[in-house]
Each structure stands twice: as structure tokens, then as C-alpha cells.
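As stored in upload.cif (mmCIF, C-alpha atoms):
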data_run
loop_
_atom_site.label_atom_id
_atom_site.label_comp_id
_atom_site.auth_asym_id
_atom_site.auth_seq_id
_atom_site.Cartn_x
_atom_site.Cartn_y
_atom_site.Cartn_z
CA MET A 1 -18.84 -5.90 5.42
CA GLN A 2 -19.39 -2.31 6.55
CA THR A 3 -18.50 0.92 4.81
CA LEU A 4 -14.79 1.74 4.96
CA THR A 5 -13.57 5.34 5.22
CA VAL A 6 -10.07 5.72 3.77
CA SER A 7 -7.75 8.75 3.67
CA LEU A 8 -5.15 8.83 0.89
CA VAL A 9 -2.18 10.74 2.30
CA GLN A 10 -0.25 11.92 -0.76
CA GLY A 11 2.76 13.74 0.65
CA ALA A 12 6.09 15.21 -0.45
CA THR A 13 8.46 13.05 1.59
CA ARG A 14 11.52 14.85 2.99
CA TRP A 15 14.76 13.24 1.83
CA HIS A 16 16.65 11.24 4.48
CA ASP A 17 15.01 13.09 7.37
CA ALA A 18 12.94 10.80 9.57
CA PRO A 19 12.24 13.40 12.31
CA ALA A 20 10.98 15.93 9.74
CA ASN A 21 8.83 13.27 8.07
CA ARG A 22 7.35 12.15 11.37
CA GLU A 23 6.33 15.73 12.04
CA TYR A 24 5.09 16.27 8.48
CA TYR A 25 3.05 13.09 8.05
CA GLY A 26 1.84 13.25 11.63
CA HIS A 27 0.37 16.68 10.89
CA LEU A 28 -1.31 15.46 7.70
CA VAL A 29 -2.92 12.55 9.53
CA ARG A 30 -3.99 14.56 12.58
CA THR A 31 -5.66 17.27 10.52
CA ALA A 32 -7.46 14.92 8.12
CA PRO A 33 -11.12 13.92 8.51
CA ARG A 34 -11.91 10.99 10.76
CA SER A 35 -11.05 7.77 8.91
CA ASP A 36 -10.91 4.04 9.46
CA LEU A 37 -7.67 3.80 7.46
CA PHE A 38 -4.86 6.22 6.59
CA VAL A 39 -2.64 5.15 3.67
CA LEU A 40 0.83 6.75 3.46
CA PRO A 41 3.40 6.28 0.65
CA GLU A 42 6.24 3.79 0.40
CA THR A 43 9.32 4.55 2.56
CA PHE A 44 7.57 7.68 3.79
CA LEU A 45 10.15 8.50 6.47
CA SER A 46 13.22 8.45 4.21
CA GLY A 47 12.28 8.46 0.53
CA PHE A 48 13.21 5.53 -1.74
CA THR A 49 16.84 5.43 -0.75
CA ASN A 50 20.03 3.67 -1.84
CA ASP A 51 21.63 4.47 1.51
CA THR A 52 19.98 1.68 3.44
CA LEU A 53 22.37 1.46 6.38
CA ALA A 54 22.13 5.13 7.26
CA ASN A 55 18.33 5.24 6.97
CA ALA A 56 17.29 1.82 8.27
CA GLU A 57 15.70 1.51 11.68
CA THR A 58 14.83 -1.54 13.75
CA MET A 59 11.40 -2.73 14.80
CA ASP A 60 12.06 -1.50 18.33
CA GLY A 61 13.22 1.90 17.09
CA GLU A 62 11.74 5.37 17.38
CA SER A 63 9.75 5.40 14.12
CA VAL A 64 7.80 2.20 14.73
CA ALA A 65 6.96 3.39 18.25
CA TRP A 66 5.86 6.76 16.80
CA LEU A 67 3.63 5.06 14.23
CA ARG A 68 1.96 2.94 16.89
CA ALA A 69 1.38 5.99 19.07
CA LEU A 70 -0.10 7.92 16.15
CA ALA A 71 -2.56 5.12 15.32
CA ILE A 72 -3.69 5.04 18.94
CA GLU A 73 -3.98 8.85 19.05
CA VAL A 74 -6.20 9.14 15.95
CA ASN A 75 -8.01 5.85 16.68
CA ALA A 76 -7.46 4.54 13.16
CA THR A 77 -5.44 2.00 11.21
CA ILE A 78 -2.33 3.45 9.51
CA THR A 79 -0.25 1.82 6.79
CA GLY A 80 2.86 2.71 4.77
CA SER A 81 6.36 1.25 4.41
CA LEU A 82 9.64 1.90 6.24
CA VAL A 83 13.27 0.90 5.71
CA ILE A 84 13.81 -1.71 8.44
CA ARG A 85 16.93 -3.66 9.41
CA GLU A 86 16.77 -7.22 10.74
CA GLY A 87 20.29 -8.36 11.58
CA GLU A 88 22.37 -7.93 8.44
CA THR A 89 19.38 -7.64 6.09
CA VAL A 90 17.36 -4.53 5.27
CA TYR A 91 13.71 -4.77 4.20
CA ASN A 92 11.26 -2.41 2.54
CA ARG A 93 8.63 -3.28 5.14
CA LEU A 94 4.99 -2.28 5.06
CA MET A 95 3.51 -1.57 8.48
CA TRP A 96 -0.15 -2.22 9.26
CA VAL A 97 -0.87 -0.60 12.60
CA SER A 98 -4.28 -0.98 14.24
CA PRO A 99 -5.97 1.64 16.46
CA ASN A 100 -4.89 -0.30 19.56
CA GLY A 101 -1.24 -0.20 18.45
CA GLU A 102 -1.07 -3.81 17.30
CA LEU A 103 1.24 -4.25 14.33
CA VAL A 104 1.58 -6.74 11.46
CA THR A 105 4.01 -6.39 8.56
CA TYR A 106 4.59 -7.31 4.93
CA ASP A 107 8.04 -7.28 3.31
CA LYS A 108 8.07 -6.10 -0.29
CA ARG A 109 8.29 -9.18 -2.49
CA HIS A 110 9.41 -7.70 -5.81
CA LEU A 111 12.53 -5.53 -5.59
CA PHE A 112 13.03 -2.89 -8.26
CA ARG A 113 16.12 -4.15 -10.04
CA MET A 114 16.37 -1.12 -12.37
CA ALA A 115 17.33 0.93 -9.29
CA GLY A 116 19.38 -1.88 -7.71
CA GLU A 117 16.86 -2.49 -4.93
CA HIS A 118 17.46 -6.24 -5.22
CA THR A 119 21.11 -5.73 -4.24
CA ARG A 120 20.34 -3.69 -1.12
CA TYR A 121 17.15 -5.20 0.32
CA GLY A 122 15.87 -8.62 1.22
CA GLY A 123 12.63 -9.72 -0.43
CA GLY A 124 9.54 -11.04 1.30
CA ARG A 125 8.03 -14.49 0.74
CA GLU A 126 4.60 -14.26 2.35
CA ARG A 127 1.49 -12.33 1.35
CA LEU A 128 -0.45 -10.61 4.10
CA ILE A 129 -4.24 -10.35 4.18
CA VAL A 130 -5.71 -8.22 6.96
CA GLU A 131 -9.29 -7.44 7.91
CA LEU A 132 -10.86 -4.06 8.64
CA ASN A 133 -14.61 -3.39 8.96
CA GLY A 134 -15.19 -6.81 7.43
CA TRP A 135 -13.08 -5.99 4.35
CA ARG A 136 -10.25 -8.39 3.57
CA ILE A 137 -7.31 -6.28 2.40
CA LEU A 138 -4.11 -7.25 0.57
CA PRO A 139 -1.42 -4.61 1.29
CA GLN A 140 1.48 -4.43 -1.21
CA VAL A 141 4.42 -2.18 -2.07
CA CYS A 142 5.06 -0.30 -5.34
CA TYR A 143 6.78 -2.65 -7.86
CA ASP A 144 4.58 -5.54 -6.65
CA LEU A 145 1.86 -3.91 -8.77
CA ARG A 146 3.49 -5.26 -11.95
CA PHE A 147 3.15 -8.94 -10.99
CA PRO A 148 -0.38 -10.29 -11.49
CA VAL A 149 0.41 -13.88 -10.52
CA TRP A 150 1.57 -12.79 -7.06
CA LEU A 151 -1.54 -10.63 -6.75
CA ARG A 152 -4.08 -13.18 -8.05
CA ASN A 153 -7.21 -13.10 -5.95
CA GLY A 154 -7.74 -16.69 -4.85
CA ARG A 155 -11.03 -18.55 -4.95
CA ASN A 156 -12.59 -18.80 -1.49
CA GLU A 157 -16.19 -19.92 -1.71
CA ALA A 158 -16.59 -19.74 2.08
CA ALA A 159 -15.92 -15.99 2.05
CA ALA A 160 -18.30 -13.19 1.12
CA GLY A 161 -18.02 -12.67 -2.62
CA GLY A 162 -16.15 -15.95 -3.12
CA MET A 163 -12.61 -14.55 -3.13
CA ASP A 164 -9.64 -14.15 -0.77
CA TYR A 165 -9.62 -10.35 -0.66
CA ASP A 166 -11.87 -7.40 -1.39
CA LEU A 167 -9.30 -4.62 -1.64
CA ALA A 168 -5.70 -4.58 -2.89
CA LEU A 169 -3.67 -1.66 -1.58
CA PHE A 170 -0.37 -0.35 -2.98
CA VAL A 171 1.94 2.18 -1.32
CA ALA A 172 4.49 3.61 -3.73
CA ASN A 173 7.35 5.86 -4.78
CA TRP A 174 6.48 5.66 -8.50
CA PRO A 175 8.32 8.31 -10.60
CA SER A 176 6.51 10.58 -13.04
CA PRO A 177 8.07 9.17 -16.25
CA ARG A 178 6.25 5.88 -15.55
CA ARG A 179 2.91 7.37 -14.51
CA GLY A 180 1.16 5.76 -17.49
CA PRO A 181 1.90 2.20 -16.33
CA TRP A 182 1.00 3.13 -12.73
CA ARG A 183 -2.44 4.36 -13.72
CA THR A 184 -3.03 1.49 -16.16
CA LEU A 185 -1.91 -1.28 -13.80
CA LEU A 186 -4.06 -0.04 -10.93
CA ARG A 187 -7.07 -0.45 -13.21
CA ALA A 188 -5.94 -3.81 -14.55
CA ARG A 189 -5.44 -5.26 -11.07
CA ALA A 190 -8.93 -4.14 -10.05
CA ILE A 191 -10.62 -5.59 -13.13
CA GLU A 192 -8.87 -8.96 -13.17
CA ASN A 193 -9.24 -9.54 -9.42
CA LEU A 194 -12.84 -8.29 -9.09
CA ALA A 195 -11.69 -6.08 -6.24
CA TYR A 196 -11.28 -2.48 -5.27
CA VAL A 197 -7.73 -1.15 -5.60
CA ILE A 198 -6.06 1.73 -3.76
CA GLY A 199 -2.75 3.20 -4.84
CA VAL A 200 -0.99 5.94 -2.83
CA ASN A 201 2.08 7.55 -4.36
CA ARG A 202 4.23 10.48 -3.23
CA VAL A 203 4.75 13.86 -4.90
CA GLY A 204 7.69 16.25 -5.22
CA VAL A 205 11.32 15.53 -6.16
CA ASP A 206 13.56 13.18 -4.17
CA GLY A 207 17.25 13.34 -3.35
CA ASN A 208 18.10 11.42 -6.52
CA ASN A 209 16.31 14.16 -8.51
CA HIS A 210 13.45 11.85 -9.48
CA PRO A 211 10.09 13.66 -9.82
CA TYR A 212 6.81 12.15 -8.61
CA SER A 213 3.37 13.10 -9.90
CA GLY A 214 1.19 11.45 -7.27
CA ASP A 215 -1.73 10.01 -9.23
CA SER A 216 -2.99 8.31 -6.08
CA ALA A 217 -6.40 6.74 -6.68
CA ILE A 218 -9.17 4.42 -5.60
CA ILE A 219 -10.35 2.18 -8.43
CA ASP A 220 -13.60 0.20 -8.37
CA PRO A 221 -13.89 -3.45 -9.48
CA VAL A 222 -14.77 -2.54 -13.08
CA GLY A 223 -11.73 -0.25 -13.39
CA GLU A 224 -13.41 3.10 -12.87
CA PRO A 225 -11.88 5.63 -10.44
CA LEU A 226 -13.79 6.66 -7.34
CA VAL A 227 -11.18 9.38 -6.89
CA GLU A 228 -7.94 10.40 -8.62
CA LEU A 229 -5.48 12.81 -7.04
CA GLY A 230 -3.40 15.41 -8.83
CA PRO A 231 0.35 16.10 -8.67
CA VAL A 232 0.38 18.10 -5.40
CA GLU A 233 0.34 17.34 -1.70
CA GLN A 234 -3.19 16.49 -0.61
CA VAL A 235 -5.18 14.26 1.69
CA VAL A 236 -8.45 12.97 0.25
CA THR A 237 -10.96 10.96 2.26
CA VAL A 238 -13.44 8.57 0.63
CA THR A 239 -16.07 6.26 2.13
CA MET A 240 -16.17 2.97 0.25
CA ASP A 241 -19.38 0.96 0.02
CA PRO A 242 -19.08 -2.85 -0.28
CA ALA A 243 -22.48 -3.26 -1.96
CA PRO A 244 -21.31 -2.51 -5.55
CA LEU A 245 -18.41 -4.95 -5.13
CA LEU A 246 -20.60 -7.81 -3.92
CA ALA A 247 -23.21 -7.10 -6.60
CA HIS A 248 -20.56 -7.10 -9.35
CA ARG A 249 -19.10 -10.41 -8.17
CA GLU A 250 -22.55 -11.99 -8.17
CA ARG A 251 -23.45 -10.55 -11.56
CA PHE A 252 -20.07 -11.28 -13.18
CA PRO A 253 -18.45 -14.24 -11.33
CA ALA A 254 -15.36 -14.54 -13.53
CA TRP A 255 -13.45 -15.85 -10.51
CA MET A 256 -15.28 -19.17 -10.92
CA ASP A 257 -13.48 -19.75 -14.24
CA ALA A 258 -9.98 -18.77 -13.08
CA ASP A 259 -7.09 -21.16 -13.73
CA ALA A 260 -5.82 -23.01 -10.67
CA PHE A 261 -2.09 -22.94 -9.89
CA VAL A 262 0.32 -23.15 -6.97
CA LEU A 263 2.65 -20.19 -6.43
CA ASN A 264 6.28 -21.08 -5.69
CA THR A 265 7.39 -18.32 -3.31
CA ASP A 266 10.93 -19.75 -3.15
CA ALA A 267 11.52 -18.90 -6.82
CA THR A 268 13.69 -15.88 -7.57
#
Once more with this new file: its structure as C-alpha cells, please.
Amino acid sequence: MQTLTVSLVQGATRWHDAPANREYYGHLVRTAPRSDLFVLPETFLSGFTNDTLANAETMDGESVAWLRALAIEVNATITGSLVIREGETVYNRLMWVSPNGELVTYDKRHLFRMAGEHTRYGGGRERLIVELNGWRILPQVCYDLRFPVWLRNGRNEAAAGGMDYDLALFVANWPSPRRGPWRTLLRARAIENLAYVIGVNRVGVDGNNHPYSGDSAIIDPVGEPLVELGPVEQVVTVTMDPAPLLAHRERFPAWMDADAFVLNTDAT
């Protein structure tokens, strides 16, 4: 594992305006310090929308092509989620785009029923673990943060540190009235999984008049923040060192006493 330089791109997403958001987030990424990874919010080209048909794009559409081109241009990995249509189904789909333009995806598993997301989107069934600079990373989307069984870091004695992933990453549109749970759950997921956690949320007010306070953060494996962002647009870049993570896992190997179980991904 090498050091990993990450830029948290905490933006004020424009409502239902993909061209404006491409220009806006493209500028934030291009003017940020050199990074290995840029993390953008959930549904960063539309906002968290109920109007899925009008705002959904396809995988061969303009926005995915733009995201690939941007990753190549800045020579960095970029992640964030888009509203994507596959046939008759729309997904809240996280994109993981490498500096060479290669793309893998994760479809949000847990759909936010209190806003009716489960009636408008299809849910994913597979976790995605990607590797960057030797770090194994679990990218997730917003409401997934509330489900520790889905996020359980599996025992993997063949891997460095003995676990399946080293960093869990959450992109979000998490409204201000629930900022307490957001901040608490980021810490809980780091502590229980002996992993770093990154959460990137948006700011501003969306088209449904929901306010967002940001609170993007990087949390270390004992639940302490490396950085916490305020409630305004900002891009913050942090270089993460794997040494404290590996030392903590060796000193406090709670993963060796974890309960074994099989996750049924067909359950609803």
C-alpha cells in the first residue's frame, strides 16, 4: 500500500441541469491540487431527483463520456453517482473511472424509501471493491451508510491487514436535518470495520427545497476525523497514510473475533 491523495469535492449541485453541473464540477476538479482520487457527491449532475425519466442518461450518453474524458485529462480516478437508465429501469449508479478512462460501476443497494426512491429506482445486488495505490476500496451511495451488515468488512487473511477492504467511501445527498446521524454513522462504520471512511456530501438547497450542510469528512480507523468540511462549497485534498491503519489492525485485531454469516443479496 502506498499513500493515497484524495480530494473531497463538496459542491452545490445545480438542480436538473447536467450541462451546468458538468461545467461546474469539471472546474472544481481541474483547479484542485493533483490527486489520485476525486470524490464527487451522489447524483452530482442532477441532484437527488424524483423525475427519473427526464434526468436519466444511458451508459453511452454524454455525461459518462464526459466523466471518462475528465479522468483522462486530470490523470486521476474520479467517482460519484449518476441517474442511469438501463432499459425500463433507472439506477442510482456510482461510477468509478480510472485515469485511462476504464469504468466500473456500483448500483445503490439501499433505496431511500422515505423519499420514495424504492418506487423509482432499481436496487443493486453486488458490492464492488476496487484497488487504487494498493488500497482496497468499497464505494457506496448515501443511504447504504445505515446498513452495517451490507458493509461488514470480511475476513481475508491473505490480504494485507487481514480484511477485504481498507477504505469505505460514501457519496451522498444527505439533508441537513439528519446531519447528526451522518456524522455518527461515518465514525461507527470506520470503528467497526477497522477501516478508513470517506463521506462526501453536497451543500446548498435542492429543487425540493431540502438544505444540505456538507459535513464531508475522512475518518480514521479509530473514529477520529482527519478532516471535516464545513457547510460551504469547498475542495479539500488530503494524503492518507496506510501505516496507521495496518498498525491499528495488528495492535487491535477485532476482525479475528467477528461473527461469520452469509449475506442473502436476494432479500428485499
**OP:** Give as number ranges by chain the residues that the PyMOL selection byres ((chain A and resi 37) around 12) matches when applied to the coordinates above.
**Re:** A: 3-9, 29, 32-36, 38-40, 71, 74-80, 96-99, 131-133, 135, 137, 169, 198, 236-240
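A straight line drawn from atom CA of Ala260 of chain A to atom CA of Trp182 of chain A is 27.1 Å long.
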**OP:** Write out as number ranges by chain each polymer residue whose atoms come within 10 Å of Phe252 of chain A, counting only C-alpha atoms; drop sequence neighbours fewer than 5 positions from it.
**Re:** A: 194, 246-247
**OP:** Within 12 Å of (-5.9, -9.1, -10.0) (coordinates as in the file), grab all the protein and nucleic acid residues, counting all atoms listed in the file, and write them out as JSON, numbers by chain.
**Re:** {"A": [138, 144, 145, 146, 147, 148, 149, 150, 151, 152, 153, 154, 155, 163, 164, 165, 166, 167, 168, 169, 185, 186, 187, 188, 189, 190, 191, 192, 193, 194, 195, 196, 197, 221, 222, 223, 254, 255, 258]}
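Shortest separation to Gly123 of chain A among A:Ala217, A:Leu245, A:Leu111, A:Val232 occurs at residue A:Leu111, atoms counted being all atoms listed in the file.
Closest approach to Arg14 of chain A from the set A:Thr43, A:Gln2, A:Thr184, A:Ser81 is made by A:Thr43, with distances taken over all atoms listed in the file.
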Original post:
So which residues get picked by the PyMOL selection byres ((chain A and resi 177) around 12) here, written as an MDAnalysis selection string?
Top reply: chainID A and resid 173:176 178:183 210:214
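Selection by the PyMOL selection byres ((chain A and resi 227) around 9) on the present file picks out A:Ser216, A:Ala217, A:Ile218, A:Ile219, A:Glu224, A:Pro225, A:Leu226, A:Glu228, A:Leu229, A:Val236, A:Val238.
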Per-axis box centre and lengths in Å around segment 3-13 of chain A, 8 Å margin per side, axis-aligned, as JSON:
{"center_x": -5.0, "center_y": 8.1, "center_z": 2.2, "size_x": 43.0, "size_y": 30.3, "size_z": 22.0}
**OP:** Using all atoms listed in the file, pick whichever of A:Asn100, A:Asn156, A:Thr52, A:Gln234 has the shortest atom-to-atom distance to Glu88 of chain A.
**Re:** A:Thr52
Repair of segment 38-57 of chain A at the level of N, CA and C atoms, as an mmCIF file, in the frame of the given file:
data_model
loop_
_atom_site.group_PDB
_atom_site.id
_atom_site.type_symbol
_atom_site.label_atom_id
_atom_site.label_comp_id
_atom_site.auth_asym_id
_atom_site.auth_seq_id
_atom_site.Cartn_x
_atom_site.Cartn_y
_atom_site.Cartn_z
ATOM 1 N N PHE A 38 -5.724 5.226 7.221
ATOM 2 C CA PHE A 38 -4.860 6.220 6.590
ATOM 3 C C PHE A 38 -3.774 5.471 5.806
ATOM 4 N N VAL A 39 -3.626 5.800 4.515
ATOM 5 C CA VAL A 39 -2.640 5.150 3.670
ATOM 6 C C VAL A 39 -1.556 6.161 3.298
ATOM 7 N N LEU A 40 -0.320 5.890 3.726
ATOM 8 C CA LEU A 40 0.830 6.750 3.460
ATOM 9 C C LEU A 40 1.685 6.107 2.368
ATOM 10 N N PRO A 41 2.599 6.850 1.744
ATOM 11 C CA PRO A 41 3.400 6.280 0.650
ATOM 12 C C PRO A 41 4.434 5.258 1.131
ATOM 13 N N GLU A 42 5.091 4.658 0.168
ATOM 14 C CA GLU A 42 6.240 3.790 0.400
ATOM 15 C C GLU A 42 7.387 4.595 1.020
ATOM 16 N N THR A 43 8.137 3.968 1.907
ATOM 17 C CA THR A 43 9.320 4.550 2.560
ATOM 18 C C THR A 43 9.104 6.037 2.898
ATOM 19 N N PHE A 44 7.996 6.300 3.590
ATOM 20 C CA PHE A 44 7.570 7.680 3.790
ATOM 21 C C PHE A 44 8.392 8.443 4.831
ATOM 22 N N LEU A 45 9.300 7.773 5.525
ATOM 23 C CA LEU A 45 10.150 8.500 6.470
ATOM 24 C C LEU A 45 11.554 8.759 5.947
ATOM 25 N N SER A 46 11.860 8.272 4.740
ATOM 26 C CA SER A 46 13.220 8.450 4.210
ATOM 27 C C SER A 46 13.253 8.804 2.734
ATOM 28 N N GLY A 47 12.194 8.482 1.983
ATOM 29 C CA GLY A 47 12.280 8.460 0.530
ATOM 30 C C GLY A 47 12.850 7.117 0.093
ATOM 31 N N PHE A 48 12.722 6.811 -1.201
ATOM 32 C CA PHE A 48 13.210 5.530 -1.740
ATOM 33 C C PHE A 48 14.721 5.623 -1.899
ATOM 34 N N THR A 49 15.427 5.121 -0.894
ATOM 35 C CA THR A 49 16.840 5.430 -0.750
ATOM 36 C C THR A 49 17.766 4.282 -1.101
ATOM 37 N N ASN A 50 18.946 4.630 -1.646
ATOM 38 C CA ASN A 50 20.030 3.670 -1.840
ATOM 39 C C ASN A 50 20.867 3.506 -0.585
ATOM 40 N N ASP A 51 20.799 4.471 0.307
ATOM 41 C CA ASP A 51 21.630 4.470 1.510
ATOM 42 C C ASP A 51 20.870 3.755 2.628
ATOM 43 N N THR A 52 20.820 2.440 2.521
ATOM 44 C CA THR A 52 19.980 1.680 3.440
ATOM 45 C C THR A 52 20.522 1.685 4.863
ATOM 46 N N LEU A 53 21.815 1.556 5.028
ATOM 47 C CA LEU A 53 22.370 1.460 6.380
ATOM 48 C C LEU A 53 22.133 2.725 7.176
ATOM 49 N N ALA A 54 22.293 3.878 6.534
ATOM 50 C CA ALA A 54 22.130 5.130 7.260
ATOM 51 C C ALA A 54 20.671 5.426 7.586
ATOM 52 N N ASN A 55 19.741 4.886 6.799
ATOM 53 C CA ASN A 55 18.330 5.240 6.970
ATOM 54 C C ASN A 55 17.474 4.120 7.559
ATOM 55 N N ALA A 56 18.055 2.929 7.719
ATOM 56 C CA ALA A 56 17.290 1.820 8.270
ATOM 57 C C ALA A 56 17.135 1.965 9.778
ATOM 58 N N GLU A 57 15.952 1.585 10.244
ATOM 59 C CA GLU A 57 15.700 1.510 11.680
ATOM 60 C C GLU A 57 15.352 0.074 12.035
#
